[in-house]
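Here is protein-v5.pdb, consisting of PDB, C-alpha atoms and all ligand atoms:
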ATOM      1  CA  MET A   1      27.269  40.540  29.031
ATOM      2  CA  ASP A   2      26.772  38.505  25.850
ATOM      3  CA  GLU A   3      23.792  36.266  26.578
ATOM      4  CA  ILE A   4      20.567  36.283  28.540
ATOM      5  CA  SER A   5      19.790  33.533  31.028
ATOM      6  CA  GLU A   6      17.372  30.651  30.550
ATOM      7  CA  LEU A   7      14.866  32.515  32.766
ATOM      8  CA  GLN A   8      15.169  35.730  30.743
ATOM      9  CA  THR A   9      14.744  33.762  27.494
ATOM     10  CA  TYR A  10      11.528  32.261  28.835
ATOM     11  CA  LEU A  11      10.256  35.663  30.002
ATOM     12  CA  TYR A  12      11.022  37.340  26.663
ATOM     13  CA  ASP A  13       9.128  34.633  24.800
ATOM     14  CA  LEU A  14       6.235  34.747  27.279
ATOM     15  CA  LYS A  15       5.806  38.504  27.681
ATOM     16  CA  GLY A  16       7.101  39.738  24.311
ATOM     17  CA  TYR A  17       9.517  42.178  25.951
ATOM     18  CA  LEU A  18      12.525  42.051  28.254
ATOM     19  CA  VAL A  19      14.664  44.688  29.961
ATOM     20  CA  VAL A  20      18.328  43.852  30.561
ATOM     21  CA  GLU A  21      20.039  46.321  32.875
ATOM     22  CA  ASP A  22      23.665  47.518  33.019
ATOM     23  CA  VAL A  23      24.575  46.559  29.476
ATOM     24  CA  LEU A  24      26.221  49.920  28.769
ATOM     25  CA  THR A  25      28.635  51.562  31.202
ATOM     26  CA  PRO A  26      27.895  55.129  32.381
ATOM     27  CA  GLU A  27      30.818  56.268  30.187
ATOM     28  CA  GLU A  28      29.350  54.602  27.092
ATOM     29  CA  VAL A  29      25.938  56.126  27.848
ATOM     30  CA  ALA A  30      27.496  59.585  28.294
ATOM     31  CA  ARG A  31      29.394  59.332  24.983
ATOM     32  CA  LEU A  32      26.243  58.383  23.034
ATOM     33  CA  LYS A  33      24.149  61.069  24.761
ATOM     34  CA  GLU A  34      26.748  63.726  24.095
ATOM     35  CA  ALA A  35      26.736  62.836  20.386
ATOM     36  CA  VAL A  36      22.920  63.103  20.290
ATOM     37  CA  ASP A  37      23.119  66.461  22.069
ATOM     38  CA  GLY A  38      25.510  67.638  19.367
ATOM     39  CA  THR A  39      22.636  67.417  16.868
ATOM     40  CA  ASP A  40      19.584  69.634  16.436
ATOM     41  CA  LEU A  41      16.823  68.319  18.730
ATOM     42  CA  THR A  42      14.721  71.480  18.556
ATOM     43  CA  ASN A  43      12.559  70.738  15.506
ATOM     44  CA  LEU A  44      11.630  67.093  15.913
ATOM     45  CA  PRO A  45       8.427  65.707  14.364
ATOM     46  CA  PRO A  46       5.404  65.027  16.649
ATOM     47  CA  SER A  47       6.685  61.456  16.967
ATOM     48  CA  HIS A  48       9.727  62.923  18.864
ATOM     49  CA  ARG A  49      11.991  60.836  16.632
ATOM     50  CA  PHE A  50      15.547  61.734  15.617
ATOM     51  CA  GLY A  51      18.289  60.166  13.495
ATOM     52  CA  SER A  52      15.754  57.965  11.643
ATOM     53  CA  ALA A  53      16.536  55.754   8.635
ATOM     54  CA  GLY A  54      14.625  52.955   6.876
ATOM     55  CA  GLY A  55      10.968  52.091   7.544
ATOM     56  CA  SER A  56       8.833  55.229   7.377
ATOM     57  CA  ALA A  57      12.004  57.383   7.139
ATOM     58  CA  PRO A  58      14.129  57.832   4.013
ATOM     59  CA  THR A  59      17.042  55.623   3.032
ATOM     60  CA  GLY A  60      20.283  56.685   4.714
ATOM     61  CA  PRO A  61      22.575  55.997   7.650
ATOM     62  CA  GLY A  62      20.461  57.958  10.182
ATOM     63  CA  PHE A  63      22.208  58.192  13.534
ATOM     64  CA  LEU A  64      24.765  55.576  12.458
ATOM     65  CA  ALA A  65      26.511  58.566  10.837
ATOM     66  CA  TRP A  66      27.028  60.122  14.293
ATOM     67  CA  GLY A  67      30.014  57.950  15.121
ATOM     68  CA  GLU A  68      31.439  54.516  15.808
ATOM     69  CA  PRO A  69      29.572  53.963  19.130
ATOM     70  CA  PHE A  70      26.245  54.056  17.221
ATOM     71  CA  VAL A  71      27.589  51.583  14.622
ATOM     72  CA  ALA A  72      28.948  49.288  17.346
ATOM     73  CA  LEU A  73      25.465  48.921  18.907
ATOM     74  CA  MET A  74      24.179  47.409  15.637
ATOM     75  CA  ASP A  75      25.864  44.099  16.372
ATOM     76  CA  HIS A  76      26.316  44.267  20.137
ATOM     77  CA  PRO A  77      26.906  40.629  21.213
ATOM     78  CA  LEU A  78      23.903  40.597  23.573
ATOM     79  CA  VAL A  79      21.566  41.911  20.867
ATOM     80  CA  MET A  80      22.952  39.395  18.381
ATOM     81  CA  SER A  81      22.285  36.447  20.693
ATOM     82  CA  VAL A  82      18.737  37.587  21.571
ATOM     83  CA  MET A  83      17.872  38.316  17.932
ATOM     84  CA  ARG A  84      19.409  35.012  16.810
ATOM     85  CA  ALA A  85      17.051  33.198  19.196
ATOM     86  CA  GLN A  86      14.065  35.160  17.836
ATOM     87  CA  LEU A  87      14.935  35.580  14.141
ATOM     88  CA  GLY A  88      17.289  32.721  13.274
ATOM     89  CA  ASP A  89      20.775  32.887  11.761
ATOM     90  CA  CYS A  90      19.946  35.394   9.000
ATOM     91  CA  PHE A  91      18.450  38.796   9.782
ATOM     92  CA  ARG A  92      18.726  42.451   8.811
ATOM     93  CA  LEU A  93      18.711  45.847  10.459
ATOM     94  CA  ASP A  94      15.453  47.083   8.922
ATOM     95  CA  ARG A  95      15.150  50.552  10.476
ATOM     96  CA  ILE A  96      16.456  52.809  13.232
ATOM     97  CA  PHE A  97      15.375  55.921  15.094
ATOM     98  CA  GLY A  98      15.897  57.682  18.393
ATOM     99  CA  MET A  99      13.247  59.055  20.773
ATOM    100  CA  HIS A 100      13.770  62.359  22.566
ATOM    101  CA  MET A 101      11.049  63.425  25.003
ATOM    102  CA  ARG A 102      10.568  66.353  27.354
ATOM    103  CA  LYS A 103       8.212  66.756  30.319
ATOM    104  CA  GLY A 104       4.552  67.077  29.305
ATOM    105  CA  LEU A 105       4.673  65.130  26.036
ATOM    106  CA  PRO A 106       1.565  62.913  25.797
ATOM    107  CA  ASN A 107       0.981  59.195  25.191
ATOM    108  CA  GLY A 108       1.494  57.794  21.692
ATOM    109  CA  ARG A 109      -1.158  55.341  20.434
ATOM    110  CA  LEU A 110      -0.865  51.655  21.357
ATOM    111  CA  HIS A 111      -0.329  49.587  18.216
ATOM    112  CA  SER A 112       1.097  46.302  16.896
ATOM    113  CA  ASP A 113       2.715  45.859  13.505
ATOM    114  CA  TYR A 114       1.853  42.140  13.160
ATOM    115  CA  GLY A 115      -0.860  39.744  14.337
ATOM    116  CA  ALA A 116      -4.562  40.227  15.048
ATOM    117  CA  SER A 117      -4.216  43.910  15.972
ATOM    118  CA  GLN A 118      -2.094  45.120  13.068
ATOM    119  CA  PRO A 119      -3.978  47.833  11.167
ATOM    120  CA  PHE A 120      -4.679  45.770   8.014
ATOM    121  CA  SER A 121      -5.588  42.459   9.653
ATOM    122  CA  ARG A 122      -9.017  41.013   8.929
ATOM    123  CA  ALA A 123      -9.602  40.286  12.611
ATOM    124  CA  GLU A 124     -13.021  41.362  13.851
ATOM    125  CA  ARG A 125     -13.210  42.786  17.353
ATOM    126  CA  GLY A 126     -14.249  40.105  19.862
ATOM    127  CA  ARG A 127     -13.707  37.162  17.464
ATOM    128  CA  TYR A 128     -10.880  34.619  17.641
ATOM    129  CA  PHE A 129      -8.435  35.235  14.782
ATOM    130  CA  LEU A 130      -5.542  33.208  13.396
ATOM    131  CA  PRO A 131      -3.216  35.243  11.165
ATOM    132  CA  PRO A 132      -2.902  33.512   7.774
ATOM    133  CA  GLY A 133       0.341  31.601   7.261
ATOM    134  CA  HIS A 134       1.683  34.064   4.699
ATOM    135  CA  GLU A 135       1.741  36.918   7.224
ATOM    136  CA  ALA A 136       4.804  37.510   9.385
ATOM    137  CA  LEU A 137       4.175  37.394  13.135
ATOM    138  CA  HIS A 138       7.351  37.015  15.193
ATOM    139  CA  GLY A 139       9.879  37.967  12.501
ATOM    140  CA  PHE A 140      10.581  41.500  13.752
ATOM    141  CA  GLY A 141      12.450  42.336  16.974
ATOM    142  CA  VAL A 142      13.638  45.585  18.529
ATOM    143  CA  ALA A 143      16.599  46.499  20.743
ATOM    144  CA  ALA A 144      15.910  49.858  22.406
ATOM    145  CA  TRP A 145      18.943  51.354  24.165
ATOM    146  CA  ASN A 146      17.954  53.550  27.092
ATOM    147  CA  LEU A 147      20.396  56.414  27.648
ATOM    148  CA  THR A 148      18.337  57.937  30.490
ATOM    149  CA  ASP A 149      16.050  56.352  33.109
ATOM    150  CA  THR A 150      12.603  55.366  31.819
ATOM    151  CA  GLY A 151       9.773  53.602  33.655
ATOM    152  CA  PRO A 152       6.419  54.022  35.415
ATOM    153  CA  GLU A 153       7.461  57.263  37.167
ATOM    154  CA  HIS A 154       8.998  58.845  34.078
ATOM    155  CA  GLY A 155       7.372  57.431  30.922
ATOM    156  CA  GLY A 156       8.981  55.708  27.940
ATOM    157  CA  LEU A 157       7.892  52.514  26.229
ATOM    158  CA  ARG A 158       4.501  51.079  27.218
ATOM    159  CA  VAL A 159       3.416  47.547  26.382
ATOM    160  CA  ILE A 160       0.696  44.969  26.869
ATOM    161  CA  PRO A 161       2.681  41.960  28.136
ATOM    162  CA  GLY A 162       1.930  38.761  26.206
ATOM    163  CA  SER A 163      -0.131  40.538  23.533
ATOM    164  CA  HIS A 164       2.184  39.328  20.730
ATOM    165  CA  ASN A 165       0.443  35.953  21.083
ATOM    166  CA  SER A 166      -3.105  37.288  21.402
ATOM    167  CA  HIS A 167      -5.756  36.021  18.973
ATOM    168  CA  TYR A 168      -8.053  38.994  19.519
ATOM    169  CA  LYS A 169      -7.951  42.477  18.077
ATOM    170  CA  LEU A 170      -7.136  45.181  20.608
ATOM    171  CA  PRO A 171     -10.416  46.348  22.202
ATOM    172  CA  LYS A 172     -11.322  49.977  21.511
ATOM    173  CA  ALA A 173     -11.420  50.777  25.248
ATOM    174  CA  ILE A 174      -7.695  49.937  25.480
ATOM    175  CA  ARG A 175      -6.771  51.597  22.182
ATOM    176  CA  GLN A 176      -8.476  54.799  23.371
ATOM    177  CA  ASP A 177      -6.713  54.637  26.766
ATOM    178  CA  GLU A 178     -10.021  54.269  28.647
ATOM    179  CA  TYR A 179      -8.869  50.963  30.203
ATOM    180  CA  ASP A 180      -5.201  50.578  31.041
ATOM    181  CA  ASP A 181      -5.056  47.837  33.690
ATOM    182  CA  VAL A 182      -3.175  45.571  31.264
ATOM    183  CA  VAL A 183      -0.695  48.218  30.140
ATOM    184  CA  ALA A 184       2.806  48.229  31.675
ATOM    185  CA  ILE A 185       5.595  50.794  31.484
ATOM    186  CA  PRO A 186       8.704  48.678  32.082
ATOM    187  CA  GLU A 187      11.346  50.063  34.443
ATOM    188  CA  ALA A 188      14.350  50.520  32.164
ATOM    189  CA  PRO A 189      17.186  52.573  33.626
ATOM    190  CA  ALA A 190      19.996  54.327  31.765
ATOM    191  CA  GLY A 191      22.401  51.744  30.372
ATOM    192  CA  SER A 192      19.685  49.116  29.875
ATOM    193  CA  VAL A 193      18.400  47.616  26.658
ATOM    194  CA  THR A 194      14.719  46.806  26.176
ATOM    195  CA  PHE A 195      13.952  44.026  23.720
ATOM    196  CA  PHE A 196      10.468  43.739  22.269
ATOM    197  CA  SER A 197       8.657  41.980  19.446
ATOM    198  CA  GLU A 198       6.941  44.183  16.858
ATOM    199  CA  ALA A 199       3.903  41.887  17.235
ATOM    200  CA  LEU A 200       3.595  43.079  20.847
ATOM    201  CA  THR A 201       1.031  45.836  21.353
ATOM    202  CA  HIS A 202       3.189  48.813  22.322
ATOM    203  CA  GLY A 203       3.434  52.572  22.168
ATOM    204  CA  THR A 204       4.955  55.590  23.849
ATOM    205  CA  ALA A 205       3.971  56.576  27.398
ATOM    206  CA  ALA A 206       3.602  60.256  28.281
ATOM    207  CA  TRP A 207       6.818  61.772  29.657
ATOM    208  CA  HIS A 208       6.567  63.086  33.248
ATOM    209  CA  ALA A 209      10.224  63.397  34.270
ATOM    210  CA  ASP A 210      12.343  66.530  34.599
ATOM    211  CA  HIS A 211      15.150  64.785  32.735
ATOM    212  CA  HIS A 212      14.716  64.126  29.007
ATOM    213  CA  ARG A 213      14.178  60.765  27.358
ATOM    214  CA  TYR A 214      16.967  59.533  25.069
ATOM    215  CA  THR A 215      16.363  56.072  23.604
ATOM    216  CA  LEU A 216      17.937  54.558  20.466
ATOM    217  CA  LEU A 217      15.828  51.924  18.689
ATOM    218  CA  TYR A 218      17.409  49.343  16.371
ATOM    219  CA  LYS A 219      14.747  47.259  14.582
ATOM    220  CA  TYR A 220      15.711  43.902  13.077
ATOM    221  CA  CYS A 221      13.814  41.413  10.914
ATOM    222  CA  ALA A 222      14.297  37.930   9.480
ATOM    223  CA  SER A 223      16.324  38.319   6.263
ATOM    224  CA  GLN A 224      13.439  37.478   3.941
ATOM    225  CA  LEU A 225      11.266  40.260   5.398
ATOM    226  CA  SER A 226      11.184  44.015   4.994
ATOM    227  CA  TRP A 227       8.762  46.621   6.315
ATOM    228  CA  SER A 228       9.150  49.267   3.630
ATOM    229  CA  ARG A 229      11.175  50.148   0.540
ATOM    230  CA  THR A 230      13.668  52.370   2.333
ATOM    231  CA  ARG A 231      16.863  51.095   3.946
ATOM    232  CA  VAL A 232      19.461  51.778   6.594
ATOM    233  CA  THR A 233      22.770  52.302   4.791
ATOM    234  CA  ALA A 234      26.392  52.348   5.965
ATOM    235  CA  PRO A 235      27.767  55.742   6.974
ATOM    236  CA  GLU A 236      30.289  57.034   4.446
ATOM    237  CA  GLY A 237      33.812  55.874   5.200
ATOM    238  CA  ALA A 238      32.769  53.600   8.092
ATOM    239  CA  ALA A 239      34.907  50.483   8.507
ATOM    240  CA  LEU A 240      32.230  47.836   9.059
ATOM    241  CA  THR A 241      32.786  44.313  10.292
ATOM    242  CA  GLU A 242      31.491  41.507   8.054
ATOM    243  CA  ARG A 243      28.506  41.026  10.383
ATOM    244  CA  GLN A 244      27.646  44.747  10.335
ATOM    245  CA  ARG A 245      27.897  44.727   6.525
ATOM    246  CA  LEU A 246      25.518  41.760   6.327
ATOM    247  CA  LEU A 247      23.029  43.433   8.681
ATOM    248  CA  LEU A 248      22.653  46.214   6.091
ATOM    249  CA  GLU A 249      22.169  43.862   3.124
ATOM    250  CA  GLU A 250      19.042  43.827   0.946
ATOM    251  CA  PRO A 251      16.294  41.358   2.016
ATOM    252  CA  ALA A 252      16.700  37.800   0.687
ATOM    253  CA  GLY A 253      15.814  34.209   1.588
ATOM    254  CA  ALA A 254      17.698  32.894   4.623
ATOM    255  CA  LYS A 255      20.682  30.710   3.625
ATOM    256  CA  TRP A 256      19.516  30.602  -0.030
ATOM    257  CA  PHE A 257      20.620  34.134  -0.793
ATOM    258  CA  PHE A 258      21.380  35.677   2.613
ATOM    259  CA  PRO A 259      24.340  34.104   4.430
ATOM    260  CA  SER A 260      24.372  33.285   8.115
ATOM    261  CA  LEU A 261      25.486  36.005  10.522
ATOM    262  CA  PHE A 262      26.770  33.228  12.783
ATOM    263  CA  PRO A 263      28.926  30.799  10.743
ATOM    264  CA  GLU A 264      31.275  30.060  13.637
ATOM    265  CA  GLU A 265      28.472  29.581  16.155
ATOM    266  CA  GLU A 266      26.660  27.297  13.693
ATOM    267  CA  ALA A 267      29.786  25.178  13.200
ATOM    268  CA  GLU A 268      30.165  24.980  16.980
ATOM    269  CA  ASP A 269      26.489  23.955  17.389
ATOM    270  CA  ALA A 270      26.970  21.250  14.725
ATOM    271  CA  ARG A 271      30.112  19.948  16.484
ATOM    272  CA  ALA A 272      28.293  19.859  19.832
ATOM    273  CA  ALA A 273      25.308  18.052  18.287
ATOM    274  CA  SER A 274      27.512  15.347  16.719
ATOM    275  CA  SER A 275      29.648  14.688  19.812
TER     276      SER A 275
HETATM  277  O1  LIG B 301       9.763  53.503  22.582
HETATM  278  C1  LIG B 301       8.694  54.032  22.313
HETATM  279  O2  LIG B 301       8.331  55.119  22.768
HETATM  280  C2  LIG B 301       7.736  53.319  21.382
HETATM  281  C3  LIG B 301       8.202  53.374  19.977
HETATM  282  C4  LIG B 301       7.151  52.880  19.072
HETATM  283  O3  LIG B 301       6.011  53.200  19.196
HETATM  284  C5  LIG B 301       7.460  51.945  18.040
HETATM  285  O4  LIG B 301       8.543  51.374  18.078
HETATM  286  O5  LIG B 301       6.634  51.739  17.151
END
What's the structure tokens form of this structure?
Amino acid sequence: MDEISELQTYLYDLKGYLVVEDVLTPEEVARLKEAVDGTDLTNLPPSHRFGSAGGSAPTGPGFLAWGEPFVALMDHPLVMSVMRAQLGDCFRLDRIFGMHMRKGLPNGRLHSDYGASQPFSRAERGRYFLPPGHEALHGFGVAAWNLTDTGPEHGGLRVIPGSHNSHYKLPKAIRQDEYDDVVAIPEAPAGSVTFFSEALTHGTAAWHADHHRYTLLYKYCASQLSWSRTRVTAPEGAALTERQRLLLEEPAGAKWFFPSLFPEEEAEDARAASS
């Protein structure tokens, strides 16, 4: 499966998240899970994250160093087409981490990284707010690979659908989990990928299931953006494709200094437009 449908494209834009099922085969899921199990999951930070790199984690390859299947997910054709629609022809892999959760782990705070509800915005609660033009809003997108079933019965990612386009700061009652009527925990079975915008208000839902949560998050941004000073780097000795190499490049202006990840598709689009 290399592309989402017209309906799914509309829903992703409208709701700020989208689950696509059956993208990985059970064999692919098992191989990735086995590799994660081969690592030490006993002393994870309170965020339950593993294999992190870039963003709030140090520079390094993170879980990309755990084998070719982790590297291959970086530029999975479906992820590339969804991110191209959201981020344009030039984007980077800004940060990665995995989430491992066991029964009884509590909710993580709802938050958004961009827009009215981002922690440093000047939005006042209850007042209409337009983010200034120099702030990024929709330039960051996430592909979260679910290696075990997640959803309302189990826990996993929780979101406020449509909140990436909200002009109001998140009310305290929602932030403090006193009002959750607008919060959804999308059903996302093993083998699915959940796409979401970093401007969407999201967080981690408490884990209730007997099985453990294994999710791998790959976070992309438009090439001219960066969240922090640390980077995801290539694992030593990995044979990367040209597109994978570009995804790990330093931030730079799209097309000026950061080449297109899709030269062939662009040429095709140009041919179609002129015929
Ligand atoms: O998948 C999750 O549990 C949410 C992860 C999260 O909070 C984030 O991406 O900032």
*Ser260 of chain A: which residues within 8 Å, counting all atoms listed in the file, same-chain residues fewer than 5 positions away excluded, as a ChimeraX atom specification?*
/A:89-90,254-255
_Residue neighbourhood Val20 of chain A, 8 Å, all atoms listed in the file, exclusion window fewer than 6 positions, as a list in words_ =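 Within the cut-off, the hits are Ala188, Ser192, Val193 and Thr194 of chain A.
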Any chance you could resolve the PyMOL selection byres (((not hetatm)) within 10 of (chain B and resi 301)) against this file and give the residues as a short mmCIF file (atom, residue, chain, number, x, y, z; two decimals) with C-alpha atoms, keeping the file's coordinate frame?
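File selection_25.cif, as written:
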data_model
loop_
_atom_site.label_atom_id
_atom_site.label_comp_id
_atom_site.auth_asym_id
_atom_site.auth_seq_id
_atom_site.Cartn_x
_atom_site.Cartn_y
_atom_site.Cartn_z
CA SER A 47 6.68 61.46 16.97
CA HIS A 48 9.73 62.92 18.86
CA ARG A 49 11.99 60.84 16.63
CA ILE A 96 16.46 52.81 13.23
CA PHE A 97 15.38 55.92 15.09
CA GLY A 98 15.90 57.68 18.39
CA MET A 99 13.25 59.06 20.77
CA HIS A 100 13.77 62.36 22.57
CA MET A 101 11.05 63.42 25.00
CA ASN A 107 0.98 59.20 25.19
CA GLY A 108 1.49 57.79 21.69
CA ARG A 109 -1.16 55.34 20.43
CA LEU A 110 -0.86 51.66 21.36
CA HIS A 111 -0.33 49.59 18.22
CA SER A 112 1.10 46.30 16.90
CA ASP A 113 2.72 45.86 13.50
CA GLY A 141 12.45 42.34 16.97
CA VAL A 142 13.64 45.58 18.53
CA ALA A 143 16.60 46.50 20.74
CA ALA A 144 15.91 49.86 22.41
CA TRP A 145 18.94 51.35 24.16
CA ASN A 146 17.95 53.55 27.09
CA THR A 150 12.60 55.37 31.82
CA GLY A 155 7.37 57.43 30.92
CA GLY A 156 8.98 55.71 27.94
CA LEU A 157 7.89 52.51 26.23
CA ARG A 158 4.50 51.08 27.22
CA VAL A 159 3.42 47.55 26.38
CA THR A 194 14.72 46.81 26.18
CA PHE A 196 10.47 43.74 22.27
CA SER A 197 8.66 41.98 19.45
CA GLU A 198 6.94 44.18 16.86
CA LEU A 200 3.60 43.08 20.85
CA THR A 201 1.03 45.84 21.35
CA HIS A 202 3.19 48.81 22.32
CA GLY A 203 3.43 52.57 22.17
CA THR A 204 4.96 55.59 23.85
CA ALA A 205 3.97 56.58 27.40
CA ALA A 206 3.60 60.26 28.28
CA TRP A 207 6.82 61.77 29.66
CA ARG A 213 14.18 60.76 27.36
CA TYR A 214 16.97 59.53 25.07
CA THR A 215 16.36 56.07 23.60
CA LEU A 216 17.94 54.56 20.47
CA LEU A 217 15.83 51.92 18.69
CA TYR A 218 17.41 49.34 16.37
CA LYS A 219 14.75 47.26 14.58
#
*Run through the PyMOL selection byres (((chain A and resi 168) around 10) and not hetatm) on the given coordinates and return the selected residues as a ChimeraX atom specification.*
/A:115-117,123-130,163,165-167,169-171
_Give me the residues near His208 of chain A as a list in words, where near means some atom within 9 Å (using only C-alpha atoms) and where sequence neighbours in that chain fewer than 2 positions away do not count._
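The neighbour list is Arg102, Lys103, Gly104, Leu105, Pro106, Glu153, His154, Gly155, Ala206, Asp210 and His211 of chain A.
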*Kindly give the distance, in Å, that separates atom CA of Gly55 of chain A and atom CA of Gly139 of chain A, rounded to a single decimal.*
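Those two atoms sit 15.0 Å apart.
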_Expansion of the PyMOL selection byres (((chain A and resi 240-242) around 10) and not hetatm) into residues, as a PyMOL selection string_ = chain A and resi 68+71-72+75+234-235+237-239+243-247+261
Residues of the last selection are to be written out with C-alpha atoms, as a PDB file, in the frame of the given file.
ATOM      1  CA  GLU A  68      31.439  54.516  15.808  1.00  0.00           C
ATOM      2  CA  VAL A  71      27.589  51.583  14.622  1.00  0.00           C
ATOM      3  CA  ALA A  72      28.948  49.288  17.346  1.00  0.00           C
ATOM      4  CA  ASP A  75      25.864  44.099  16.372  1.00  0.00           C
ATOM      5  CA  ALA A 234      26.392  52.348   5.965  1.00  0.00           C
ATOM      6  CA  PRO A 235      27.767  55.742   6.974  1.00  0.00           C
ATOM      7  CA  GLY A 237      33.812  55.874   5.200  1.00  0.00           C
ATOM      8  CA  ALA A 238      32.769  53.600   8.092  1.00  0.00           C
ATOM      9  CA  ALA A 239      34.907  50.483   8.507  1.00  0.00           C
ATOM     10  CA  ARG A 243      28.506  41.026  10.383  1.00  0.00           C
ATOM     11  CA  GLN A 244      27.646  44.747  10.335  1.00  0.00           C
ATOM     12  CA  ARG A 245      27.897  44.727   6.525  1.00  0.00           C
ATOM     13  CA  LEU A 246      25.518  41.760   6.327  1.00  0.00           C
ATOM     14  CA  LEU A 247      23.029  43.433   8.681  1.00  0.00           C
ATOM     15  CA  LEU A 261      25.486  36.005  10.522  1.00  0.00           C
TER      16      LEU A 261
END
*asked:* Taking all atoms listed in the file into account, name the residue in A:Glu135, A:Asp177, A:Asp94, A:Ile185 that is nearest to Cys221 of chain A.
replied: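 When distances to Cys221 of chain A are compared using all atoms listed in the file, the smallest one comes from A:Asp94.
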*Length of the atom CA of Ala35 of chain A to atom CA of Trp66 of chain A vector [Å]*: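 About the pair atom CA of Ala35 of chain A and atom CA of Trp66 of chain A: they are 6.7 Å apart.
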*Return the single residue from A:Glu268, A:Ser81, A:Leu14, A:Arg95 that is closest to Pro58 of chain A, with distances computed using all atoms listed in the file.*
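Of the candidates, the smallest distance to Pro58 of chain A is held by A:Arg95.
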